[in-house]
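A.B. asks: Below you'll find model-v2.cif; it's mmCIF, C-alpha atoms and all ligand atoms.
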```
data_model
#
loop_
_atom_site.label_atom_id
_atom_site.label_comp_id
_atom_site.auth_asym_id
_atom_site.auth_seq_id
_atom_site.Cartn_x
_atom_site.Cartn_y
_atom_site.Cartn_z
CA MET R 1 -17.05 0.45 16.13
CA THR R 2 -17.40 4.24 16.07
CA SER R 3 -14.31 4.98 14.04
CA THR R 4 -15.52 5.36 10.48
CA ARG R 5 -12.79 7.30 8.73
CA VAL R 6 -10.19 5.84 6.41
CA LEU R 7 -7.10 7.65 5.19
CA VAL R 8 -6.00 6.48 1.74
CA LEU R 9 -2.31 6.97 0.95
CA ASN R 10 -0.68 6.62 -2.44
CA SER R 11 3.05 7.05 -1.88
CA GLY R 12 5.31 7.61 -4.86
CA SER R 13 9.07 8.09 -4.83
CA SER R 14 8.77 11.87 -4.46
CA SER R 15 5.08 12.37 -3.78
CA VAL R 16 2.26 11.38 -1.47
CA LYS R 17 -1.37 11.64 -2.57
CA TYR R 18 -4.01 11.28 0.09
CA GLN R 19 -7.74 11.29 0.70
CA LEU R 20 -9.63 11.06 3.95
CA LEU R 21 -13.04 9.41 3.59
CA ASP R 22 -15.95 8.85 5.93
CA MET R 23 -17.23 5.35 5.28
CA ARG R 24 -20.68 6.03 6.69
CA ASP R 25 -21.59 7.73 3.42
CA ASN R 26 -18.37 7.35 1.38
CA SER R 27 -17.91 11.12 1.52
CA ARG R 28 -14.56 12.80 1.18
CA LEU R 29 -13.47 14.92 4.13
CA ALA R 30 -10.18 16.09 2.65
CA VAL R 31 -7.92 15.47 -0.32
CA GLY R 32 -4.39 16.55 -1.01
CA LEU R 33 -0.95 15.93 -2.32
CA VAL R 34 2.67 16.49 -1.39
CA GLU R 35 4.99 16.87 -4.36
CA ARG R 36 8.74 17.05 -4.91
CA ILE R 37 9.62 15.46 -1.57
CA GLY R 38 13.38 15.71 -1.01
CA GLU R 39 13.75 18.86 -3.08
CA GLU R 40 13.94 22.51 -2.07
CA THR R 41 10.70 23.26 -3.87
CA SER R 42 8.38 20.77 -2.17
CA ARG R 43 4.73 21.68 -2.20
CA LEU R 44 1.76 20.60 -0.10
CA LYS R 45 -1.72 21.15 -1.47
CA HIS R 46 -4.56 20.40 0.90
CA THR R 47 -8.28 20.76 0.27
CA PRO R 48 -10.73 20.29 3.13
CA LEU R 49 -14.09 19.22 1.74
CA HIS R 50 -15.93 19.19 5.00
CA GLY R 51 -17.13 22.53 6.26
CA GLY R 52 -15.77 25.71 4.77
CA GLY R 53 -12.27 26.64 3.73
CA GLY R 54 -10.65 26.40 0.34
CA THR R 55 -7.43 24.80 -0.82
CA ARG R 56 -4.34 25.60 1.25
CA GLU R 57 -0.95 25.47 -0.35
CA SER R 58 2.42 25.59 1.35
CA ASN R 59 5.81 25.63 -0.30
CA GLY R 60 9.23 24.90 1.13
CA PRO R 61 11.56 21.95 1.59
CA ILE R 62 10.03 18.69 2.83
CA PRO R 63 13.05 16.40 3.18
CA ASP R 64 11.45 12.95 3.31
CA HIS R 65 8.25 10.93 3.56
CA GLU R 66 8.17 11.18 7.34
CA ALA R 67 8.19 14.97 7.16
CA ALA R 68 5.59 14.80 4.40
CA LEU R 69 3.18 12.68 6.43
CA LYS R 70 3.69 14.85 9.49
CA ALA R 71 2.88 17.91 7.39
CA VAL R 72 -0.22 16.18 6.04
CA SER R 73 -1.30 15.27 9.57
CA ALA R 74 -0.77 18.88 10.68
CA GLU R 75 -2.96 20.11 7.82
CA LEU R 76 -5.65 17.55 8.64
CA ALA R 77 -5.44 18.56 12.30
CA LYS R 78 -6.29 22.16 11.40
CA ASP R 79 -9.66 20.80 10.25
CA GLY R 80 -9.99 18.58 13.32
CA LEU R 81 -9.11 15.51 11.26
CA GLY R 82 -5.53 14.75 12.39
CA LEU R 83 -3.90 11.33 12.22
CA ASP R 84 -4.29 11.01 15.99
CA SER R 85 -8.08 11.31 15.78
CA PRO R 86 -9.93 8.38 17.40
CA GLU R 87 -12.34 8.50 14.49
CA LEU R 88 -9.64 7.25 12.14
CA ALA R 89 -10.36 3.54 11.70
CA ALA R 90 -7.50 2.60 9.39
CA ILE R 91 -5.05 3.68 6.75
CA GLY R 92 -5.34 2.08 3.32
CA HIS R 93 -2.16 2.04 1.25
CA ARG R 94 -2.01 1.62 -2.50
CA VAL R 95 0.71 -0.92 -3.22
CA VAL R 96 1.62 -1.44 -6.84
CA HIS R 97 2.99 -4.97 -6.87
CA GLY R 98 1.63 -7.86 -4.85
CA GLY R 99 3.09 -10.56 -7.09
CA ARG R 100 1.24 -13.88 -6.88
CA THR R 101 1.20 -13.74 -3.09
CA PHE R 102 -1.39 -11.07 -2.48
CA THR R 103 -4.71 -11.89 -4.06
CA GLU R 104 -6.68 -9.69 -1.66
CA PRO R 105 -6.29 -6.56 0.43
CA THR R 106 -4.17 -7.47 3.42
CA VAL R 107 -3.71 -6.12 6.94
CA ILE R 108 -0.08 -5.08 7.18
CA ASP R 109 2.32 -6.72 9.61
CA GLU R 110 6.06 -7.38 9.50
CA ALA R 111 5.63 -10.50 7.35
CA VAL R 112 3.55 -8.56 4.81
CA LEU R 113 6.19 -5.83 4.70
CA ALA R 114 8.89 -8.43 4.12
CA GLU R 115 6.94 -9.93 1.22
CA ILE R 116 6.33 -6.51 -0.40
CA GLU R 117 10.07 -5.95 -0.06
CA ARG R 118 10.82 -9.34 -1.63
CA LEU R 119 8.81 -8.22 -4.66
CA ILE R 120 11.01 -5.14 -5.26
CA PRO R 121 12.92 -6.81 -8.14
CA VAL R 122 9.67 -7.01 -10.15
CA ALA R 123 8.57 -3.46 -9.16
CA PRO R 124 11.81 -1.54 -8.60
CA LEU R 125 10.25 1.90 -9.09
CA HIS R 126 7.04 1.51 -7.13
CA ASN R 127 7.28 -0.92 -4.24
CA PRO R 128 10.16 0.86 -2.43
CA ALA R 129 8.16 4.11 -2.40
CA ASN R 130 5.01 2.31 -1.26
CA LEU R 131 7.03 0.66 1.53
CA THR R 132 8.43 3.98 2.68
CA GLY R 133 4.91 5.37 2.91
CA ILE R 134 3.69 2.37 4.90
CA ARG R 135 6.65 2.36 7.30
CA THR R 136 6.26 6.06 7.95
CA ALA R 137 2.53 5.79 8.59
CA ARG R 138 3.09 2.82 10.91
CA ALA R 139 5.68 4.76 12.88
CA LEU R 140 3.22 7.62 13.32
CA ARG R 141 0.27 5.40 14.30
CA PRO R 142 1.62 1.96 15.34
CA ASP R 143 -1.70 1.08 16.99
CA LEU R 144 -3.82 1.68 13.90
CA PRO R 145 -4.71 -1.10 11.45
CA GLN R 146 -3.08 -0.44 8.10
CA VAL R 147 -4.08 -2.27 4.96
CA ALA R 148 -2.26 -2.83 1.68
CA VAL R 149 -4.45 -2.78 -1.43
CA PHE R 150 -2.57 -4.15 -4.42
CA ASP R 151 -2.80 -2.98 -8.04
CA THR R 152 -2.13 -6.54 -9.14
CA ALA R 153 -4.62 -8.37 -6.89
CA PHE R 154 -7.65 -8.26 -9.20
CA HIS R 155 -5.61 -9.90 -11.94
CA THR R 156 -4.47 -12.90 -9.91
CA THR R 157 -7.52 -14.81 -11.18
CA MET R 158 -6.09 -14.85 -14.72
CA PRO R 159 -5.65 -18.40 -15.99
CA GLU R 160 -2.12 -19.60 -16.69
CA SER R 161 -2.89 -19.45 -20.42
CA ALA R 162 -3.21 -15.66 -20.12
CA ALA R 163 -0.67 -15.04 -17.37
CA ARG R 164 2.31 -16.97 -18.75
CA TYR R 165 4.61 -15.71 -21.45
CA ALA R 166 5.63 -18.34 -23.98
CA ILE R 167 9.24 -18.47 -22.83
CA ASP R 168 11.31 -21.18 -21.16
CA VAL R 169 9.35 -22.15 -18.07
CA GLN R 170 12.34 -22.61 -15.79
CA THR R 171 13.80 -19.22 -16.65
CA ALA R 172 10.40 -17.58 -16.25
CA ASP R 173 9.90 -19.15 -12.84
CA GLU R 174 13.41 -18.37 -11.64
CA TYR R 175 12.93 -14.67 -12.32
CA ARG R 176 9.20 -14.59 -11.58
CA ILE R 177 8.50 -13.46 -15.13
CA ARG R 178 4.79 -13.56 -15.88
CA ARG R 179 1.94 -11.22 -16.64
CA TYR R 180 0.76 -9.60 -13.41
CA GLY R 181 -1.31 -6.68 -14.72
CA PHE R 182 -1.88 -3.33 -13.00
CA HIS R 183 -4.69 -0.79 -12.42
CA GLY R 184 -6.50 -3.72 -10.79
CA THR R 185 -8.28 -1.56 -8.22
CA SER R 186 -9.78 0.46 -11.06
CA HIS R 187 -10.69 -2.58 -13.17
CA ALA R 188 -12.39 -4.15 -10.14
CA PHE R 189 -14.31 -0.98 -9.30
CA VAL R 190 -15.36 -0.22 -12.87
CA SER R 191 -16.40 -3.76 -13.79
CA ARG R 192 -18.60 -3.89 -10.70
CA ALA R 193 -20.03 -0.40 -11.31
CA THR R 194 -20.79 -1.38 -14.91
CA ALA R 195 -22.79 -4.41 -13.75
CA GLU R 196 -24.63 -2.10 -11.37
CA LEU R 197 -25.37 0.33 -14.22
CA LEU R 198 -26.88 -2.57 -16.17
CA GLY R 199 -28.92 -3.54 -13.11
CA ARG R 200 -27.24 -6.95 -12.95
CA ALA R 201 -24.99 -8.84 -10.56
CA PRO R 202 -21.26 -8.80 -11.37
CA GLU R 203 -21.35 -12.64 -11.55
CA ASP R 204 -23.83 -12.39 -14.42
CA VAL R 205 -21.94 -10.11 -16.76
CA ASN R 206 -18.86 -10.10 -18.96
CA VAL R 207 -17.20 -6.72 -19.34
CA ILE R 208 -14.29 -5.31 -21.31
CA VAL R 209 -12.85 -2.47 -19.20
CA LEU R 210 -10.75 0.18 -20.95
CA HIS R 211 -8.83 2.21 -18.35
CA LEU R 212 -7.43 5.06 -20.44
CA GLY R 213 -5.48 7.52 -18.33
CA ASN R 214 -1.91 8.62 -18.82
CA GLY R 215 -1.13 4.95 -18.17
CA ALA R 216 -3.67 2.75 -19.94
CA SER R 217 -4.80 -0.85 -19.75
CA ALA R 218 -7.64 -3.07 -20.90
CA SER R 219 -9.06 -6.06 -19.11
CA ALA R 220 -11.45 -8.88 -19.87
CA VAL R 221 -13.68 -9.53 -16.88
CA GLU R 222 -15.77 -12.70 -16.92
CA LYS R 223 -18.51 -12.95 -14.32
CA GLY R 224 -16.68 -10.56 -12.01
CA ARG R 225 -13.27 -12.23 -12.39
CA CYS R 226 -10.39 -10.94 -14.46
CA VAL R 227 -9.39 -13.42 -17.18
CA ASP R 228 -6.97 -11.25 -19.14
CA THR R 229 -5.37 -7.82 -18.96
CA SER R 230 -3.08 -5.87 -21.23
CA MET R 231 -0.29 -4.87 -18.85
CA GLY R 232 2.24 -7.58 -18.07
CA LEU R 233 5.33 -8.07 -15.96
CA THR R 234 5.41 -4.28 -15.80
CA PRO R 235 2.99 -1.55 -16.91
CA LEU R 236 4.85 -1.24 -20.23
CA GLU R 237 2.90 -3.88 -22.14
CA GLY R 238 -0.36 -3.39 -24.00
CA LEU R 239 -2.08 -0.23 -25.13
CA VAL R 240 -0.39 2.90 -26.45
CA MET R 241 -0.11 5.20 -23.42
CA GLY R 242 0.83 8.81 -22.72
CA THR R 243 4.55 8.09 -22.59
CA ARG R 244 4.81 4.27 -22.90
CA SER R 245 5.00 2.33 -26.14
CA GLY R 246 2.81 -0.58 -25.09
CA ASP R 247 3.25 -3.74 -27.20
CA LEU R 248 6.25 -4.03 -29.46
CA ASP R 249 8.49 -6.73 -30.83
CA PRO R 250 10.98 -7.44 -28.02
CA ALA R 251 13.69 -7.59 -30.68
CA VAL R 252 13.39 -3.78 -30.93
CA ILE R 253 15.28 -3.76 -27.63
CA PHE R 254 18.14 -5.96 -28.94
CA HIS R 255 18.28 -3.81 -32.04
CA LEU R 256 18.54 -0.59 -30.04
CA ALA R 257 21.29 -2.15 -27.91
CA ARG R 258 23.31 -3.79 -30.68
CA VAL R 259 22.87 -1.35 -33.53
CA GLY R 260 21.99 1.84 -31.63
CA GLY R 261 24.44 1.25 -28.78
CA LEU R 262 21.86 2.28 -26.18
CA SER R 263 22.24 1.07 -22.61
CA THR R 264 19.52 -0.88 -20.80
CA ASP R 265 18.61 2.21 -18.78
CA GLU R 266 18.42 4.35 -21.91
CA ILE R 267 16.10 1.87 -23.59
CA ASP R 268 13.99 1.68 -20.42
CA THR R 269 13.62 5.46 -20.40
CA LEU R 270 12.91 5.57 -24.12
CA LEU R 271 10.09 3.01 -23.92
CA ASN R 272 8.56 4.13 -20.62
CA LYS R 273 9.01 7.91 -20.75
CA ARG R 274 9.61 9.02 -24.33
CA SER R 275 7.31 6.75 -26.33
CA GLY R 276 3.56 6.37 -26.71
CA LEU R 277 1.70 9.55 -27.59
CA ILE R 278 4.51 11.84 -26.49
CA GLY R 279 7.05 9.96 -28.60
CA LEU R 280 4.76 9.95 -31.60
CA CYS R 281 3.70 13.59 -31.61
CA GLY R 282 5.32 15.47 -28.71
CA ASP R 283 2.15 15.66 -26.60
CA ASN R 284 0.73 13.14 -24.16
CA ASP R 285 -2.43 15.02 -23.23
CA MET R 286 -5.38 13.84 -25.32
CA ARG R 287 -6.98 17.30 -25.13
CA GLU R 288 -3.97 18.85 -26.84
CA ILE R 289 -3.76 16.02 -29.37
CA ARG R 290 -7.41 16.47 -30.31
CA ARG R 291 -6.92 20.22 -30.64
CA ARG R 292 -4.03 19.62 -33.02
CA VAL R 293 -6.00 16.99 -34.96
CA ASP R 294 -8.83 19.49 -35.40
CA GLU R 295 -6.29 21.95 -36.83
CA GLY R 296 -5.13 19.37 -39.35
CA ASP R 297 -1.82 18.47 -37.66
CA GLU R 298 -0.60 15.25 -39.33
CA ARG R 299 1.67 14.03 -36.55
CA ALA R 300 -1.09 14.37 -34.00
CA GLN R 301 -3.47 12.58 -36.37
CA LEU R 302 -1.03 9.68 -36.79
CA ALA R 303 -0.52 9.42 -33.00
CA PHE R 304 -4.30 9.36 -32.53
CA ASP R 305 -4.72 6.71 -35.23
CA ILE R 306 -2.04 4.44 -33.73
CA TYR R 307 -3.60 4.85 -30.28
CA ILE R 308 -7.06 3.91 -31.62
CA HIS R 309 -5.77 1.03 -33.75
CA ARG R 310 -4.18 -0.63 -30.69
CA LEU R 311 -7.31 -0.05 -28.63
CA ARG R 312 -9.50 -1.70 -31.28
CA LYS R 313 -7.15 -4.67 -31.44
CA TYR R 314 -7.61 -5.23 -27.71
CA ILE R 315 -11.39 -4.84 -27.91
CA GLY R 316 -11.45 -7.51 -30.61
CA ALA R 317 -9.05 -9.76 -28.72
CA TYR R 318 -11.00 -9.57 -25.48
CA TYR R 319 -14.25 -10.12 -27.32
CA ALA R 320 -12.78 -13.43 -28.47
CA VAL R 321 -11.36 -14.22 -25.01
CA LEU R 322 -14.78 -13.70 -23.40
CA GLY R 323 -16.92 -15.18 -26.18
CA ARG R 324 -19.91 -13.19 -25.00
CA VAL R 325 -19.64 -9.53 -24.05
CA ASP R 326 -22.32 -7.64 -22.14
CA ALA R 327 -20.57 -4.29 -21.88
CA VAL R 328 -17.54 -2.27 -22.89
CA ALA R 329 -16.72 0.33 -20.24
CA PHE R 330 -14.51 3.38 -20.77
CA THR R 331 -12.84 4.93 -17.74
CA ALA R 332 -10.02 7.23 -16.44
CA GLY R 333 -9.00 10.65 -17.80
CA VAL R 334 -9.20 9.85 -21.51
CA GLY R 335 -11.94 7.23 -21.30
CA GLU R 336 -14.21 9.45 -19.22
CA ASN R 337 -13.64 12.68 -21.12
CA ALA R 338 -12.55 12.08 -24.70
CA ALA R 339 -15.70 11.43 -26.76
CA PRO R 340 -13.71 11.22 -30.04
CA VAL R 341 -11.62 8.35 -28.60
CA ARG R 342 -14.75 6.42 -27.62
CA GLU R 343 -16.36 7.06 -30.98
CA ALA R 344 -13.31 5.97 -32.97
CA ALA R 345 -12.67 2.90 -30.81
CA ILE R 346 -16.17 1.51 -31.43
CA ALA R 347 -16.82 2.78 -34.99
CA GLY R 348 -17.84 0.11 -37.48
CA LEU R 349 -18.23 -2.69 -34.95
CA GLN R 350 -21.99 -3.16 -35.42
CA GLU R 351 -21.37 -6.77 -36.44
CA LEU R 352 -20.13 -7.32 -32.87
CA GLY R 353 -23.23 -5.64 -31.48
CA LEU R 354 -21.21 -2.54 -30.59
CA ALA R 355 -22.26 1.00 -31.38
CA VAL R 356 -22.06 4.49 -29.88
CA ASP R 357 -24.92 7.00 -29.99
CA ALA R 358 -23.39 10.35 -31.00
CA GLY R 359 -25.78 12.37 -28.83
CA LEU R 360 -25.23 10.29 -25.71
CA ASN R 361 -21.47 10.18 -26.32
CA ALA R 362 -21.33 13.98 -26.38
CA VAL R 363 -22.95 14.36 -22.94
CA ARG R 364 -20.51 15.40 -20.20
CA SER R 365 -21.21 13.98 -16.76
CA ASP R 366 -19.48 12.56 -13.68
CA GLU R 367 -22.03 9.77 -13.43
CA PRO R 368 -21.83 6.27 -14.90
CA ARG R 369 -23.84 6.29 -18.12
CA LEU R 370 -24.64 4.34 -21.27
CA ILE R 371 -23.55 5.74 -24.61
CA SER R 372 -24.82 2.87 -26.79
CA PRO R 373 -28.12 3.27 -28.65
CA ALA R 374 -31.24 2.00 -26.89
CA GLY R 375 -31.70 -1.73 -27.40
CA ALA R 376 -28.06 -2.36 -28.37
CA ARG R 377 -26.94 -5.99 -27.92
CA VAL R 378 -23.79 -4.91 -26.08
CA ALA R 379 -23.81 -1.91 -23.75
CA VAL R 380 -21.12 0.72 -24.23
CA ALA R 381 -20.67 2.71 -21.03
CA VAL R 382 -18.66 5.53 -19.50
CA VAL R 383 -17.98 4.62 -15.88
CA PRO R 384 -15.84 7.05 -13.85
CA THR R 385 -13.26 5.21 -11.83
CA ASP R 386 -12.61 5.91 -8.16
CA GLU R 387 -9.54 4.07 -6.98
CA GLU R 388 -9.39 5.90 -3.64
CA LEU R 389 -12.96 4.99 -2.78
CA GLU R 390 -12.26 1.37 -3.75
CA ILE R 391 -9.12 1.30 -1.56
CA ALA R 392 -11.03 2.86 1.33
CA THR R 393 -13.95 0.44 0.90
CA GLN R 394 -11.69 -2.61 0.82
CA THR R 395 -9.68 -1.31 3.78
CA TYR R 396 -12.73 -0.58 5.87
CA ALA R 397 -14.35 -3.92 5.04
CA LEU R 398 -11.26 -5.64 6.37
CA VAL R 399 -10.87 -3.71 9.61
CA ALA R 400 -14.58 -3.43 10.40
CA ARG R 401 -14.82 -7.22 10.17
CA LYS R 402 -12.12 -7.69 12.81
P1 LIG M 1 -3.30 9.03 -14.52
O1 LIG M 1 -2.92 7.85 -15.34
O2 LIG M 1 -2.20 10.02 -14.35
O3 LIG M 1 -4.08 8.72 -13.27
P2 LIG M 1 -5.79 10.18 -15.52
O4 LIG M 1 -6.70 9.01 -15.47
O5 LIG M 1 -6.05 11.32 -14.61
O6 LIG M 1 -4.28 9.78 -15.48
O7 LIG M 1 -5.81 10.72 -17.03
C1 LIG M 1 -5.01 11.80 -17.41
C2 LIG M 1 -5.17 12.01 -18.91
O8 LIG M 1 -6.54 12.16 -19.23
C3 LIG M 1 -4.52 13.27 -19.42
O9 LIG M 1 -3.17 13.05 -19.74
C4 LIG M 1 -5.33 13.57 -20.67
O10 LIG M 1 -4.74 12.90 -21.76
C5 LIG M 1 -6.67 12.93 -20.41
N1 LIG M 1 -7.75 13.90 -20.23
C6 LIG M 1 -8.12 14.52 -19.09
N2 LIG M 1 -9.17 15.34 -19.32
C7 LIG M 1 -9.47 15.22 -20.63
C8 LIG M 1 -10.44 15.81 -21.49
N3 LIG M 1 -11.34 16.69 -21.06
N4 LIG M 1 -10.45 15.43 -22.79
C9 LIG M 1 -9.55 14.54 -23.26
N5 LIG M 1 -8.61 13.96 -22.50
C10 LIG M 1 -8.56 14.29 -21.20
#
```
Show me the file's structure as structure tokens.
Ligand code: ADP
C.D. replies:
Amino acid sequence: MTSTRVLVLNSGSSSVKYQLLDMRDNSRLAVGLVERIGEETSRLKHTPLHGGGGTRESNGPIPDHEAALKAVSAELAKDGLGLDSPELAAIGHRVVHGGRTFTEPTVIDEAVLAEIERLIPVAPLHNPANLTGIRTARALRPDLPQVAVFDTAFHTTMPESAARYAIDVQTADEYRIRRYGFHGTSHAFVSRATAELLGRAPEDVNVIVLHLGNGASASAVEKGRCVDTSMGLTPLEGLVMGTRSGDLDPAVIFHLARVGGLSTDEIDTLLNKRSGLIGLCGDNDMREIRRRVDEGDERAQLAFDIYIHRLRKYIGAYYAVLGRVDAVAFTAGVGENAAPVREAAIAGLQELGLAVDAGLNAVRSDEPRLISPAGARVAVAVVPTDEELEIATQTYALVARK
């Protein structure tokens, strides 16, 4: 096969993020994003990375996803990389929820689309947007293989003891209530890259992955397979995030409804959009929070402390889940960049074989690296995630095999 390019699409309700990769050397040919689809102020930002030319930006109404993808294709075409190019081997779509059905990346056909649609009740915000992106791309290139790569797939190996909530089994099954987990593409990529950094096979190592972006999740990966993760039925469970509360007593919700008179939608918005770091201190960007902490701001300090406390609880919990830990890997925006978060998360855990070397932790780099002292029993690593590369790799592996 001579077609070696893969277009990765991440379609949100009002945005499309994309990257075009060449799988011969995993290089990026172009990256970009369409924002505010459906509004008057839509914006397309396109950066060709192959040959000259800087970022091009265009503003003006883009009414729907079809218009957005056509505009993206037109931009790519200006660089000789249009959607109609014979060198395009496939399109890989990020799909948030694959339920229990999709344990692997899957070539999309009508039956796959129907199943993604059937899962909308458990992913009402994400799956409809992902579906729109897929349908639009299929209409533009019906002949091209298109692959769905699911955020939940890596977590489908979780044992029932980790995946089930302790609620009435019949009710849980009727409504498909269980812990699915998200960020799976990142957890898969980072756990593998961590094994590589240690010079070992993924099947030989146990890793705790801490994906700390605006959304955040932890996972326990045993011999390359996920055995527990902190997000649940939805991405609300687990760590303190930029705008999500993470774990809380579910009775908080009854209390807000009964005593506070809040509606279900209001509580949903409160916990998903106005909680976490932003709810605690008014900022969700860790850079800003650290700046405020350094100035002695008490609210920012408390938000930071709550964030770290939750993170340490999960490190301890997953240590116990795994029994033996070879590495703890930090990734995503906060994990890759915020040295004070890494330092505070690991401080005082020498008894568990965990320590961070201050000098190594302060180094800034885009490469996977160890930040634990030489000879440490458990490696502590910073491993930049690359979800687009992982989606492209999985997509290409599937279509190149055919
Ligand atoms: P998303 O979940 O949106 O994909 P990212 O993984 O890109 O998020 O992470 C975004 C977050 O990373 C920002 O909200 C910010 O808190 C944090 N971040 C980015 N750069 C830095 C930095 N240099 N120092 C500290 N935090 C950072």
A.B. asks: Return the single residue from R:Met241, R:Ile391, R:Ile371, R:Ala114 that is closest to ligand LIG 1 (chain M), with distances computed using all atoms listed in the file.
C.D. replies: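 Closest to ligand LIG 1 (chain M) of all the choices is R:Met241.
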A.B. asks: Ligand LIG 1 (chain M): which residues are within 7 Å, counting only C-alpha atoms and all ligand atoms? Reply as a count of residues only.
C.D. replies: 15
A.B. asks: Separation of CA of Leu302 (chain R) and CA of Val378 (chain R), in Å?
C.D. replies: 29.1 Å
A.B. asks: Leaving out Val6 (chain R) and any residue of its chain fewer than 3 positions from it, which residues lie within 9 Å of it when counting all atoms listed in the file, given as a CSV table (one decimal) with C-alpha atoms, in the frame of the given file?
C.D. replies:
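Final output, saved to around.csv:
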```csv
chain,number,residue,atom,x,y,z
R,3,SER,CA,-14.3,5.0,14.0
R,19,GLN,CA,-7.7,11.3,0.7
R,20,LEU,CA,-9.6,11.1,4.0
R,21,LEU,CA,-13.0,9.4,3.6
R,22,ASP,CA,-16.0,8.8,5.9
R,23,MET,CA,-17.2,5.4,5.3
R,87,GLU,CA,-12.3,8.5,14.5
R,88,LEU,CA,-9.6,7.2,12.1
R,89,ALA,CA,-10.4,3.5,11.7
R,90,ALA,CA,-7.5,2.6,9.4
R,91,ILE,CA,-5.0,3.7,6.8
R,92,GLY,CA,-5.3,2.1,3.3
R,392,ALA,CA,-11.0,2.9,1.3
R,393,THR,CA,-14.0,0.4,0.9
R,395,THR,CA,-9.7,-1.3,3.8
R,396,TYR,CA,-12.7,-0.6,5.9
```
A.B. asks: Adding 3 Å on each side of the box along x, y and z that holds all listed atoms of region 173-190 of chain R, could you give its centre and edge lengths in Å to one decimal, as JSON?
C.D. replies:
```
{"center_x": -1.0, "center_y": -9.3, "center_z": -12.4, "size_x": 34.8, "size_y": 25.6, "size_z": 14.4}
```
A.B. asks: Excluding Tyr18 (chain R) and residues on its chain fewer than 4 positions from it, collect all residues at most 6 Å away from it, counting all atoms listed in the file, and give them as a PyMOL selection string.
C.D. replies: chain R and resi 8-9+31-32
A.B. asks: Neighbouring residues of region 153-168 of chain R were defined as those with any atom within 6 Å, considering all atoms listed in the file; residues of the same chain fewer than 4 positions away were excluded. Please report them as a short mmCIF file (atom, residue, chain, number, x, y, z; two decimals) with C-alpha atoms, keeping the file's coordinate frame.
C.D. replies:
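Writing the result to result-v4.cif gives the following:
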```cif
data_model
loop_
_atom_site.label_atom_id
_atom_site.label_comp_id
_atom_site.auth_asym_id
_atom_site.auth_seq_id
_atom_site.Cartn_x
_atom_site.Cartn_y
_atom_site.Cartn_z
CA THR R 103 -4.71 -11.89 -4.06
CA GLU R 104 -6.68 -9.69 -1.66
CA ARG R 178 4.79 -13.56 -15.88
CA ARG R 179 1.94 -11.22 -16.64
CA GLY R 184 -6.50 -3.72 -10.79
CA CYS R 226 -10.39 -10.94 -14.46
CA VAL R 227 -9.39 -13.42 -17.18
CA ASP R 228 -6.97 -11.25 -19.14
#
```
A.B. asks: What lies within 9 Å of Val240 (chain R) using all atoms listed in the file, ignoring chain neighbours under 5 positions off, as a list in words?
C.D. replies: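 Counting all atoms listed in the file, the residues come to Gly215, Ala216, Ser217, Ser245, Gly246, Asp247, Ser275, Gly276, Leu277, Ile306, Tyr307, Ile308, Arg310 and Leu311 of chain R.
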A.B. asks: Show which residues sit within 10 Å of Ser372 (chain R), as a PyMOL selection string. Count all atoms listed in the file, and ignore same-chain residues fewer than 4 positions away.
C.D. replies: chain R and resi 327-328+346+353-361+376-382
A.B. asks: Could you check which of R:Glu298, R:Glu390, R:Asp305, R:Glu266 is closest to Pro105 (chain R), using only C-alpha atoms?
C.D. replies: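 Smallest distance to Pro105 (chain R) is found for R:Glu390.
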A.B. asks: In file coordinates, which residues lie within 8 Å of (5.3, 15.2, -5.0) using only C-alpha atoms, given as a list of chain:residue names?
C.D. replies: R:Gly12, R:Ser14, R:Ser15, R:Val16, R:Lys17, R:Leu33, R:Val34, R:Glu35, R:Arg36, R:Ile37, R:Ser42, R:Arg43
A.B. asks: Would you mind reading off the distance between CA of Ala193 (chain R) and CA of Asn26 (chain R), one decimal, in Å?
C.D. replies: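 Computing the Euclidean distance for CA of Ala193 (chain R) and CA of Asn26 (chain R) yields 15.0 Å.
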A.B. asks: For a quick check of understanding, using all atoms listed in the file, which of R:His50, R:Arg200, R:His65, R:Arg100 has the smallest distance to Asn10 (chain R)?
C.D. replies: R:His65
A.B. asks: Separation of CA of Arg312 (chain R) and CA of His126 (chain R), in Å?
C.D. replies: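 CA of His126 (chain R) lies at a distance of 29.4 Å from CA of Arg312 (chain R).
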A.B. asks: Considering all atoms listed in the file, can you say which of R:Arg141, R:His211, R:Arg118, R:Arg135 comes closest to Phe330 (chain R)?
C.D. replies: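 Closest to Phe330 (chain R), using all atoms listed in the file: R:His211.
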A.B. asks: For Pro86 (chain R), which residue out of R:Ile120, R:Thr4, R:Leu49, R:Thr55 is the nearest one, using all atoms listed in the file?
C.D. replies: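 Residue with the minimum atom-to-atom distance to Pro86 (chain R): R:Thr4.
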A.B. asks: Ranking R:Gly133, R:Ala317, R:Pro61, R:Arg364 by minimum distance to Ala339 (chain R) and counting only C-alpha atoms, which one comes first?
C.D. replies: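 Counting only C-alpha atoms, the residue closest to Ala339 (chain R) is R:Arg364.
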